[in-house]
$ cat protein-v1.cif   # mmCIF, C-alpha atoms
data_query
loop_
_atom_site.label_atom_id
_atom_site.label_comp_id
_atom_site.auth_asym_id
_atom_site.auth_seq_id
_atom_site.Cartn_x
_atom_site.Cartn_y
_atom_site.Cartn_z
CA MET O 1 -19.93 24.02 15.41
CA THR O 2 -20.20 21.07 13.11
CA THR O 3 -23.11 20.62 10.79
CA ASN O 4 -24.26 17.34 9.34
CA LYS O 5 -24.46 18.57 5.76
CA THR O 6 -21.99 16.75 3.51
CA HIS O 7 -19.72 19.14 1.62
CA PRO O 8 -19.31 18.67 -2.17
CA ASP O 9 -15.60 18.09 -1.47
CA GLN O 10 -16.64 14.72 -0.06
CA GLN O 11 -15.75 13.65 -3.62
CA TYR O 12 -12.06 13.76 -2.60
CA VAL O 13 -12.64 11.50 0.39
CA ALA O 14 -14.64 9.11 -1.82
CA ALA O 15 -11.83 9.21 -4.38
CA LEU O 16 -9.28 8.15 -1.79
CA VAL O 17 -11.48 5.22 -0.72
CA ALA O 18 -12.05 4.24 -4.35
CA ASN O 19 -8.33 4.63 -5.15
CA ASP O 20 -9.28 7.02 -7.97
CA HIS O 21 -5.98 8.01 -9.61
CA VAL O 22 -7.41 11.05 -11.37
CA LEU O 23 -8.70 12.70 -8.22
CA ILE O 24 -5.63 11.67 -6.21
CA ASP O 25 -3.59 13.52 -8.85
CA GLU O 26 -5.93 16.48 -8.48
CA ILE O 27 -5.35 16.52 -4.71
CA TYR O 28 -1.61 16.64 -5.43
CA LEU O 29 -2.06 19.47 -7.90
CA LYS O 30 -4.53 21.60 -5.98
CA PHE O 31 -3.86 21.07 -2.29
CA VAL O 32 -0.39 19.65 -1.72
CA PRO O 33 1.66 22.73 -2.80
CA LYS O 34 0.16 24.79 0.04
CA VAL O 35 1.19 22.15 2.58
CA ILE O 36 4.72 22.00 1.17
CA ALA O 37 4.99 25.80 1.26
CA TYR O 38 3.78 25.87 4.87
CA ILE O 39 6.19 23.18 6.07
CA CYS O 40 9.10 24.74 4.22
CA LYS O 41 8.34 28.07 5.93
CA ASN O 42 8.20 26.31 9.31
CA ASN O 43 11.59 24.68 9.80
CA GLY O 44 10.94 21.91 7.28
CA ASP O 45 11.99 20.89 3.81
CA GLU O 46 10.19 19.49 0.81
CA ALA O 47 11.08 15.87 1.54
CA SER O 48 9.60 16.05 5.07
CA ALA O 49 6.54 17.82 3.69
CA ARG O 50 5.95 15.03 1.18
CA ASP O 51 6.16 12.44 3.95
CA ILE O 52 3.61 14.38 6.01
CA VAL O 53 1.28 14.61 2.99
CA GLN O 54 1.45 10.84 2.40
CA GLU O 55 0.80 10.11 6.07
CA ALA O 56 -2.15 12.52 6.11
CA LEU O 57 -3.73 10.98 3.00
CA LEU O 58 -3.33 7.52 4.49
CA THR O 59 -4.96 8.60 7.76
CA ILE O 60 -7.90 10.11 5.89
CA TYR O 61 -8.19 6.90 3.85
CA ASP O 62 -8.12 4.75 7.01
CA GLN O 63 -10.73 6.87 8.75
CA ALA O 64 -13.01 6.97 5.71
CA LYS O 65 -12.64 3.25 5.13
CA THR O 66 -13.32 2.16 8.69
CA LYS O 67 -15.54 4.90 10.10
CA GLY O 68 -17.23 6.33 7.03
CA LEU O 69 -15.82 9.87 7.18
CA GLN O 70 -18.34 12.51 6.03
CA LEU O 71 -16.74 15.83 5.15
CA SER O 72 -18.76 18.88 6.15
CA CYS O 73 -16.12 21.48 5.21
CA PRO O 74 -13.84 22.18 2.22
CA PHE O 75 -11.19 19.49 1.71
CA ASP O 76 -8.54 22.19 1.31
CA ALA O 77 -8.79 23.53 4.87
CA TYR O 78 -9.35 20.10 6.42
CA PHE O 79 -6.36 18.54 4.68
CA PHE O 80 -4.15 21.52 5.44
CA LEU O 81 -5.02 21.37 9.15
CA ILE O 82 -4.26 17.66 9.38
CA CYS O 83 -0.87 18.16 7.72
CA LYS O 84 -0.12 21.21 9.84
CA ARG O 85 -0.87 19.37 13.10
CA LYS O 86 1.17 16.39 12.01
CA TRP O 87 4.08 18.66 11.21
CA LEU O 88 3.86 20.57 14.50
CA ASN O 89 3.81 17.24 16.36
CA ALA O 90 6.86 16.08 14.42
CA LEU O 91 8.69 19.29 15.31
CA LYS O 92 7.72 18.92 18.95
CA LYS O 93 8.99 15.32 19.02
CA SER O 94 12.31 16.30 17.47
CA GLY O 95 12.68 19.13 19.98
CA SER O 96 12.80 21.78 17.26
CA LYS O 97 11.58 25.25 17.96
CA THR O 98 8.18 25.68 16.34
CA VAL O 99 7.42 28.83 14.43
CA THR O 100 3.86 28.90 13.26
CA ILE O 101 3.23 30.97 10.22
CA GLU O 102 -0.37 30.65 9.13
CA ASP O 103 -1.19 30.33 5.48
CA GLU O 104 -3.36 33.37 4.84
CA ARG O 105 -4.86 31.99 1.67
CA LEU O 106 -6.92 29.54 3.70
CA SER O 107 -9.91 30.32 5.82
CA ILE O 108 -10.01 27.80 8.64
CA THR O 109 -13.56 27.35 9.81
CA ASP O 110 -14.76 25.69 13.04
CA ASP O 111 -16.05 22.85 10.91
CA ALA O 112 -12.63 22.16 9.41
CA ASP O 113 -11.06 22.42 12.84
CA GLN O 114 -13.54 19.92 14.32
CA GLN O 115 -13.14 17.49 11.46
CA ALA O 116 -9.36 17.63 11.59
CA LEU O 117 -9.54 17.05 15.34
CA ARG O 118 -11.70 13.94 14.83
CA THR O 119 -9.23 12.60 12.30
CA GLN O 120 -6.48 13.17 14.84
CA GLN O 121 -8.50 11.29 17.48
CA PHE O 122 -9.12 8.45 15.04
CA GLU O 123 -5.40 8.25 14.33
CA ALA O 124 -4.60 8.06 18.04
CA GLN O 125 -7.09 5.17 18.39
CA GLN O 126 -5.58 3.36 15.43
CA LYS O 127 -2.05 3.81 16.77
CA LEU O 128 -3.09 2.39 20.12
CA TYR O 129 -4.62 -0.76 18.53
CA LEU O 130 -1.52 -1.37 16.46
CA SER O 131 0.85 -0.79 19.33
CA VAL O 132 -1.06 -3.33 21.47
CA LEU O 133 -0.97 -5.80 18.58
CA SER O 134 2.77 -5.31 18.20
CA GLU O 135 3.25 -6.39 21.82
CA MET O 136 1.44 -9.70 21.37
CA GLY O 137 3.17 -13.05 20.82
CA ASP O 138 4.41 -13.98 17.35
CA ILE O 139 1.74 -16.61 16.65
CA CYS O 140 -1.09 -14.24 17.50
CA LYS O 141 0.49 -11.42 15.51
CA LYS O 142 0.86 -13.67 12.49
CA ILE O 143 -2.58 -15.24 12.72
CA ILE O 144 -4.30 -11.86 13.15
CA THR O 145 -2.35 -10.24 10.32
CA LEU O 146 -2.93 -13.14 7.94
CA GLY O 147 -6.44 -13.93 9.18
CA LEU O 148 -7.66 -10.39 8.68
CA THR O 149 -6.48 -10.09 5.10
CA ALA O 150 -8.52 -11.51 2.27
CA ALA O 151 -6.64 -14.80 2.62
CA SER O 152 -8.88 -17.73 3.55
CA MET O 153 -8.36 -19.48 6.88
CA GLN O 154 -7.28 -22.56 4.92
CA GLU O 155 -4.41 -20.54 3.42
CA VAL O 156 -3.54 -19.22 6.88
CA ALA O 157 -3.54 -22.78 8.26
CA ASP O 158 -1.33 -23.94 5.37
CA GLN O 159 1.13 -21.09 5.86
CA LEU O 160 1.42 -21.72 9.58
CA ASP O 161 1.39 -25.48 9.16
CA ILE O 162 -1.57 -25.99 11.50
CA THR O 163 -5.03 -27.49 10.95
CA TYR O 164 -7.92 -25.43 9.63
CA ALA O 165 -9.95 -25.95 12.83
CA TYR O 166 -7.04 -24.89 15.03
CA ALA O 167 -6.37 -21.81 12.85
CA ARG O 168 -10.00 -20.67 13.23
CA LYS O 169 -10.00 -21.26 16.97
CA LYS O 170 -6.63 -19.56 17.42
CA LYS O 171 -7.69 -16.56 15.37
CA SER O 172 -10.76 -16.05 17.52
CA LEU O 173 -8.73 -16.47 20.73
CA CYS O 174 -6.07 -14.04 19.56
CA ILE O 175 -8.59 -11.41 18.50
CA THR O 176 -10.38 -11.78 21.81
CA LYS O 177 -7.09 -11.39 23.67
CA LEU O 178 -6.18 -8.38 21.56
CA THR O 179 -9.50 -6.62 22.17
CA GLN O 180 -9.18 -7.33 25.90
CA LEU O 181 -5.67 -5.86 25.98
CA ILE O 182 -6.78 -2.82 24.00
CA LYS O 183 -9.70 -2.21 26.36
CA GLN O 184 -7.43 -2.58 29.38
CA SER O 185 -5.03 0.05 28.14
CA PRO O 186 -5.27 3.30 30.13
CA GLN O 187 -5.78 5.50 27.04
CA TYR O 188 -8.52 3.36 25.50
CA ARG O 189 -11.64 4.66 27.29
CA LYS O 190 -10.76 8.28 26.68
CA LEU O 191 -9.98 7.70 23.01
CA TYR O 192 -13.16 5.65 22.52
CA LYS O 193 -15.23 8.32 24.23
CA ASP O 194 -13.55 11.09 22.20
CA TYR O 195 -14.37 9.47 18.94
CA TYR O 196 -17.86 8.17 19.66
CA MET R 1 -18.47 -16.37 27.66
CA GLU R 2 -16.71 -13.52 25.90
CA ILE R 3 -14.90 -15.93 23.58
CA LYS R 4 -18.26 -17.23 22.47
CA GLY R 5 -19.49 -13.67 22.02
CA ASN R 6 -16.48 -12.68 19.91
CA ASP R 7 -16.80 -15.84 17.82
CA LEU R 8 -20.29 -14.76 16.95
CA PHE R 9 -19.19 -11.18 16.23
CA ILE R 10 -16.41 -12.41 13.96
CA ALA R 11 -18.73 -14.79 12.11
CA TYR R 12 -21.22 -11.97 11.57
CA LEU R 13 -18.57 -9.54 10.34
CA GLU R 14 -17.06 -12.17 8.05
CA GLU R 15 -20.54 -13.03 6.75
CA THR R 16 -20.19 -16.70 7.57
CA LEU R 17 -23.44 -16.99 9.57
CA ALA R 18 -26.35 -18.91 8.10
CA VAL R 19 -29.38 -16.80 7.15
CA ALA R 20 -31.39 -17.79 10.24
CA GLU R 21 -28.45 -17.09 12.56
CA ARG R 22 -27.84 -13.78 10.85
CA ASN R 23 -31.46 -12.74 11.26
CA ALA R 24 -31.39 -13.73 14.93
CA PHE R 25 -28.17 -11.77 15.38
CA GLU R 26 -29.66 -8.65 13.81
CA LYS R 27 -32.82 -8.98 15.88
CA LYS R 28 -30.74 -9.13 19.04
CA LEU R 29 -28.74 -6.11 17.87
CA ALA R 30 -31.94 -4.13 17.53
CA GLU R 31 -33.44 -5.26 20.82
CA ASP R 32 -30.58 -5.76 23.26
CA SER R 33 -28.72 -2.52 23.91
CA SER R 34 -25.84 -4.04 25.90
CA PHE R 35 -25.32 -6.68 23.17
CA SER R 36 -25.38 -3.99 20.50
CA GLU R 37 -22.98 -1.79 22.47
CA ALA R 38 -20.53 -4.68 22.91
CA PHE R 39 -20.79 -5.55 19.22
CA TYR R 40 -20.18 -2.02 17.93
CA GLU R 41 -17.23 -1.58 20.25
CA PHE R 42 -15.76 -4.85 18.99
CA LYS R 43 -16.53 -3.90 15.40
CA SER R 44 -14.76 -0.55 15.70
CA ILE R 45 -11.53 -2.33 16.70
CA TYR R 46 -11.97 -5.18 14.21
CA LYS R 47 -12.58 -2.87 11.23
CA VAL R 48 -9.49 -0.77 11.97
CA LEU R 49 -7.31 -3.90 12.06
CA GLU R 50 -8.97 -5.47 9.03
CA ASN R 51 -8.33 -2.32 7.01
CA GLN R 52 -4.75 -2.12 8.20
CA PHE R 53 -3.80 -5.42 6.57
CA SER R 54 -6.02 -5.24 3.49
CA GLU R 55 -4.80 -5.46 -0.09
CA GLU R 56 -6.85 -2.38 -0.98
CA ARG R 57 -4.77 -0.36 1.46
CA VAL R 58 -1.56 -1.64 -0.15
CA SER R 59 -2.88 -0.50 -3.56
CA PHE R 60 -3.87 2.86 -2.14
CA VAL R 61 -0.39 3.45 -0.69
CA GLU R 62 1.05 2.59 -4.08
CA SER R 63 -1.25 5.11 -5.83
CA VAL R 64 -0.25 7.86 -3.42
CA LYS R 65 3.41 7.08 -3.98
CA LYS R 66 2.87 7.23 -7.73
CA ALA R 67 1.10 10.59 -7.48
CA ASP R 68 3.87 11.86 -5.24
CA SER R 69 6.58 11.02 -7.75
CA LYS R 70 4.49 12.35 -10.64
CA PHE R 71 4.23 15.79 -9.06
CA ARG R 72 7.75 15.90 -7.72
CA PRO R 73 10.05 18.57 -9.09
CA GLN R 74 13.29 17.54 -10.79
CA ALA R 75 15.73 15.80 -8.45
CA ASN R 76 18.21 18.66 -8.43
CA THR R 77 15.66 21.09 -7.01
CA LEU R 78 14.54 18.68 -4.29
CA GLN R 79 17.69 18.70 -2.18
CA SER R 80 16.91 19.77 1.34
CA LYS R 81 18.89 22.67 2.77
CA GLY R 82 20.39 20.47 5.46
CA LYS R 83 22.07 18.26 2.90
CA LEU R 84 24.14 20.97 1.27
CA ILE R 85 27.84 20.59 2.08
CA SER R 86 30.19 23.52 2.07
CA PHE R 87 33.70 22.82 0.74
CA LYS R 88 36.95 24.25 1.97
CA PRO R 89 39.39 25.06 -0.91
CA TRP R 90 41.57 21.96 -0.35
CA GLN R 91 38.50 19.77 -0.54
CA TYR R 92 37.83 20.75 -4.16
CA GLY R 93 40.92 18.81 -5.21
CA VAL R 94 39.79 15.73 -3.30
CA ALA R 95 36.28 16.04 -4.74
CA ALA R 96 37.67 16.33 -8.26
CA SER R 97 39.74 13.15 -7.80
CA ILE R 98 36.68 11.30 -6.46
CA LEU R 99 34.65 12.48 -9.46
CA LEU R 100 37.36 11.22 -11.80
CA VAL R 101 37.31 7.78 -10.15
CA ILE R 102 33.51 7.63 -10.21
CA GLY R 103 33.54 8.77 -13.82
CA PHE R 104 35.95 5.99 -14.75
CA PHE R 105 33.68 3.33 -13.25
CA LEU R 106 30.54 4.93 -14.66
CA PHE R 107 31.87 5.05 -18.18
CA ASN R 108 33.31 1.59 -17.93
CA ASP R 109 29.98 0.15 -16.88
CA SER R 110 27.24 2.43 -18.06
CA ASN R 111 27.64 1.59 -21.74
CA LYS R 112 25.67 -1.58 -21.09
CA PRO R 113 21.92 -1.23 -20.80
CA THR R 114 20.41 -2.60 -17.61
CA TYR R 115 17.35 -4.71 -16.80
CA ILE R 116 15.80 -1.95 -14.74
CA GLU R 117 15.81 0.46 -17.70
CA TYR R 118 13.78 -1.90 -19.86
CA ALA R 119 11.63 -3.97 -17.48
CA ALA R 120 8.53 -1.82 -17.13
CA HIS R 121 5.61 -3.93 -15.96
CA GLU R 122 2.18 -2.55 -16.69
CA ASP R 123 -0.53 -3.19 -14.09
CA ILE R 124 -2.14 -6.52 -14.85
CA SER R 125 -5.78 -7.50 -14.93
CA LEU R 126 -6.19 -11.25 -15.26
CA THR R 127 -8.93 -12.89 -17.26
CA VAL R 128 -10.19 -15.76 -15.13
CA ARG R 129 -13.00 -18.19 -14.54
CA SER R 130 -15.26 -17.19 -11.66
CA ASN R 131 -14.11 -20.04 -9.39
CA THR R 132 -10.56 -18.69 -9.36
CA SER R 133 -11.33 -14.98 -9.39
CA LYS R 134 -10.53 -14.47 -5.70
CA ILE R 135 -7.05 -15.95 -6.06
CA ALA R 136 -6.53 -14.01 -9.29
CA LYS R 137 -7.40 -10.75 -7.51
CA LYS R 138 -4.73 -11.50 -4.92
CA ALA R 139 -2.23 -12.34 -7.63
CA GLU R 140 -3.01 -9.05 -9.40
CA ALA R 141 -2.89 -6.96 -6.23
CA ASN R 142 0.48 -8.34 -5.19
CA TYR R 143 1.97 -8.21 -8.69
CA ASN R 144 0.82 -4.64 -9.28
CA VAL R 145 2.51 -3.37 -6.13
CA GLY R 146 5.69 -5.32 -6.79
CA ASN R 147 5.18 -8.10 -4.20
CA TYR R 148 6.40 -10.66 -6.71
CA LYS R 149 7.18 -13.38 -4.19
CA GLU R 150 3.63 -13.29 -2.82
CA ALA R 151 2.15 -12.97 -6.31
CA LEU R 152 4.05 -16.08 -7.29
CA SER R 153 2.29 -18.26 -4.72
CA TYR R 154 -1.06 -17.11 -6.15
CA PHE R 155 0.06 -17.79 -9.75
CA ASP R 156 1.05 -21.28 -8.61
CA ALA R 157 -2.40 -21.78 -7.10
CA LEU R 158 -4.00 -20.59 -10.35
CA LEU R 159 -1.78 -22.90 -12.39
CA GLN R 160 -2.78 -25.84 -10.24
CA GLU R 161 -6.32 -25.27 -11.48
CA GLN R 162 -5.33 -24.51 -15.07
CA PRO R 163 -1.77 -25.80 -15.72
CA ASP R 164 -1.78 -24.84 -19.41
CA ASN R 165 -3.00 -21.27 -19.00
CA ALA R 166 -0.42 -19.20 -20.92
CA GLN R 167 -1.47 -15.96 -19.23
CA PHE R 168 -0.69 -17.32 -15.74
CA GLN R 169 2.53 -18.96 -17.00
CA TYR R 170 3.67 -15.67 -18.52
CA TYR R 171 3.09 -13.56 -15.40
CA LYS R 172 4.57 -16.27 -13.20
CA ALA R 173 7.71 -16.16 -15.35
CA THR R 174 7.99 -12.36 -15.13
CA ALA R 175 7.62 -12.58 -11.34
CA LEU R 176 10.34 -15.25 -11.25
CA VAL R 177 12.70 -12.98 -13.17
CA GLU R 178 11.96 -10.17 -10.72
CA ILE R 179 13.00 -12.30 -7.76
CA ASN R 180 16.04 -13.68 -9.60
CA ARG R 181 14.83 -17.30 -9.92
CA PHE R 182 16.28 -17.34 -13.40
CA GLU R 183 16.44 -21.05 -14.16
CA GLU R 184 12.73 -21.63 -13.52
CA ALA R 185 11.85 -18.41 -15.33
CA ASP R 186 13.95 -19.22 -18.39
CA ASN R 187 12.53 -22.75 -18.68
CA LEU R 188 8.96 -21.50 -18.45
CA LEU R 189 9.60 -18.68 -20.93
CA LYS R 190 11.19 -21.10 -23.38
CA VAL R 191 8.04 -23.25 -23.37
CA LEU R 192 5.96 -20.14 -23.93
CA TYR R 193 7.95 -18.59 -26.79
CA ASN R 194 8.22 -21.91 -28.58
CA GLY R 195 4.47 -22.40 -28.21
CA PRO R 196 1.51 -21.09 -30.19
CA SER R 197 0.02 -18.73 -27.57
CA VAL R 198 -0.44 -14.98 -27.93
CA TYR R 199 2.16 -14.65 -25.19
CA ALA R 200 4.95 -16.10 -27.39
CA SER R 201 6.61 -12.83 -28.42
CA LYS R 202 6.04 -11.25 -25.01
CA ALA R 203 7.71 -14.30 -23.46
CA LYS R 204 10.68 -13.92 -25.78
CA TRP R 205 11.06 -10.29 -24.78
CA VAL R 206 10.98 -11.21 -21.07
CA ALA R 207 13.43 -14.06 -21.73
CA ALA R 208 15.79 -11.47 -23.24
CA LEU R 209 15.31 -9.24 -20.20
CA SER R 210 16.05 -12.19 -17.93
CA MET R 211 19.35 -12.71 -19.79
CA LEU R 212 20.04 -8.98 -19.52
CA LYS R 213 19.56 -9.15 -15.76
CA GLN R 214 21.99 -12.09 -15.69
CA GLU R 215 24.39 -10.05 -17.88
CA LYS R 216 24.43 -12.77 -20.55
CA TYR R 217 24.58 -10.25 -23.36
CA LYS R 218 25.16 -12.72 -26.19
CA GLU R 219 21.97 -14.60 -25.30
CA VAL R 220 20.07 -11.29 -25.07
CA ILE R 221 21.08 -10.45 -28.65
CA ASN R 222 20.21 -13.95 -29.92
CA LEU R 223 16.73 -13.74 -28.43
CA LEU R 224 16.06 -10.16 -29.53
CA GLU R 225 17.08 -10.89 -33.12
CA THR R 226 14.36 -13.53 -33.41
CA ILE R 227 11.49 -11.29 -32.27
CA PRO R 228 9.34 -10.87 -35.43
CA SER R 229 8.81 -7.38 -36.85
CA THR R 230 5.05 -7.94 -36.85
CA THR R 231 4.82 -8.12 -33.05
CA PRO R 232 4.39 -5.25 -30.57
CA GLU R 233 7.68 -6.23 -28.91
CA TYR R 234 9.73 -5.61 -32.07
CA LYS R 235 10.28 -1.88 -31.53
CA LYS R 236 11.61 -2.16 -28.00
CA ALA R 237 13.65 -5.20 -29.00
CA GLN R 238 15.36 -3.12 -31.71
CA LYS R 239 15.98 -0.30 -29.26
CA LEU R 240 17.65 -2.66 -26.79
CA LEU R 241 19.63 -4.28 -29.61
CA SER R 242 21.07 -0.97 -30.71
CA ALA R 243 21.90 -0.09 -27.11
CA LEU R 244 23.80 -3.36 -26.82
CA GLN R 245 25.73 -3.05 -30.06
#
$ encode --input "protein-v1.cif" --output "structure tokens"
Amino acid sequence: MTTNKTHPDQQYVAALVANDHVLIDEIYLKFVPKVIAYICKNNGDEASARDIVQEALLTIYDQAKTKGLQLSCPFDAYFFLICKRKWLNALKKSGSKTVTIEDERLSITDDADQQALRTQQFEAQQKLYLSVLSEMGDICKKIITLGLTAASMQEVADQLDITYAYARKKKSLCITKLTQLIKQSPQYRKLYKDYY
Amino acid sequence: MEIKGNDLFIAYLEETLAVAERNAFEKKLAEDSSFSEAFYEFKSIYKVLENQFSEERVSFVESVKKADSKFRPQANTLQSKGKLISFKPWQYGVAASILLVIGFFLFNDSNKPTYIEYAAHEDISLTVRSNTSKIAKKAEANYNVGNYKEALSYFDALLQEQPDNAQFQYYKATALVEINRFEEADNLLKVLYNGPSVYASKAKWVAALSMLKQEKYKEVINLLETIPSTTPEYKKAQKLLSALQ
């Protein structure tokens, strides 16, 4: 069962959002070695483990930044579970035989399991949005990418050599088209329901 | 109909609605459940995409990469098992010959110091007037993650506002060196190191690095020898000089 109480380890999630170098270093010192040890014991090597760690941190950052992730369990177990699931998925994709050796130093609670699952669901949502975007026409891709960064619409118009008014209109049309395509995708409803 | 709806959602999320429109929007959000449901669904997609292309995310990725290399063991202990190659006896001879050839090239070339060994750019934080702070932030963000080409367009925009700003000129020049636009960089640096600004000795150091990157070693020495001993650049200039001589 999940509880609503925020765990003191929320500080690590906040540190990722704030790009706090000191606490990011601390995550590397305190939590990453366990993940590397686990992956190395399960058909992996250190280089793959480091890639998984970076991906996991980025997913946590994305979720916290866009959905306001509130941690109700220790960061250690939550982070380990995310990395572990990512690694098992990678092994599955590559067709390797998976051998799961649990790390006994960690106590995985229901809370950690639930939170890691939600992060996984968030990641699936995010992947779907980006894959739909990648299938759109070049102009829409460009205008959405540029228009959603901090760049002003005037800069976007200048870069694409179109008028300001047209850039604004096109951005709105492209975003509307993108959201329609996302909503039409077969996986969307399930993923939206899972997360909300 | 939906286009109109999304226009309104985008304007609200980008905070471009007038106060009255914003208040009306928020009132509708509170009162109309289907409107609010449509908005939050749109927002959940919009926020994910907005984050995906944000400069903050680029900086975060950079920080994680830095932490990763900081806590990485020495290169020789990081080799994955799969990359180990077992040699048959005859292959040792071949390997030894290859090593000899590599060694010849290494020793022929590695006596010269390289740009990459000396060009360490610290993260920058620009001092700007409030009307240009947004552009400056973009310049900083791109420069600090090594997107020098993008940073350059922002330095140009800043210099359009303040053409004589030595700080912007200096960072523009370092970005130009990074992307190998040497002629423009060298001209700009020359103006800076012949001028009275606090960036004069820094500019001379970067001018020397630019020459180093172009392998014009004589020019590197000429520039380094004129860096005054009272400046912070003197020590590294001497180090590079002794490596060159």
$ residues_around --input "protein-v1.cif" --residues "Lys86 in chain O" --least-positions-apart "3" --cutoff "8 Å" --atoms "only C-alpha atoms" --output "list in words"
Ile52, Ala56, Ile82, Cys83, Asn89 and Ala90 of chain O
$ residues_near_point --input "protein-v1.cif" --point "(1.8, -9.8, -2.9)" --cutoff "12 Å" --atoms "all atoms listed in the file" --output "PyMOL selection string"
(chain O and resi 149-151) or (chain R and resi 53-56+58-59+135-155+175)
$ interface_residues --input "protein-v1.cif" --of "chain R" --to "chain O" --cutoff "8 Å" --atoms "all atoms listed in the file" --output "list in words"
Glu2, Ile3, Asn6, Asp7, Ile10, Phe42, Ser44, Ile45, Lys47, Val48, Leu49, Glu50, Asn51, Gln52, Phe53, Ser54, Glu55, Ser59, Phe60, Val61, Ser63, Val64, Lys65, Ala67, Asp68, Phe71, Leu78, Ser80 and Lys81 of chain R
$ atom_distance --input "protein-v1.cif" --atom1 "CA of Ala64 in chain O" --atom2 "CA of Leu128 in chain O"
18.1 Å
$ closest_residue --input "protein-v1.cif" --among "R:Tyr171, R:Trp205, R:Phe25, R:Tyr118" --to "Ala11 in chain R" --atoms "all atoms listed in the file"
R:Phe25
$ residues_around --input "protein-v1.cif" --residues "range 176-183 of chain R" --least-positions-apart "3" --cutoff "6 Å" --atoms "only C-alpha atoms" --output "JSON, numbers by chain"
{"R": [173, 186, 210]}
$ atom_distance --input "protein-v1.cif" --atom1 "CA of Phe79 in chain O" --atom2 "CA of Asn42 in chain O"
17.1 Å
$ atom_distance --input "protein-v1.cif" --atom1 "CA of Phe9 in chain R" --atom2 "CA of Tyr40 in chain R"
9.4 Å
$ residues_around --input "protein-v1.cif" --residues "Pro196 in chain R" --least-positions-apart "5" --cutoff "10 Å" --atoms "only C-alpha atoms" --output "MDAnalysis selection string"
chainID R and resid 166 191 201
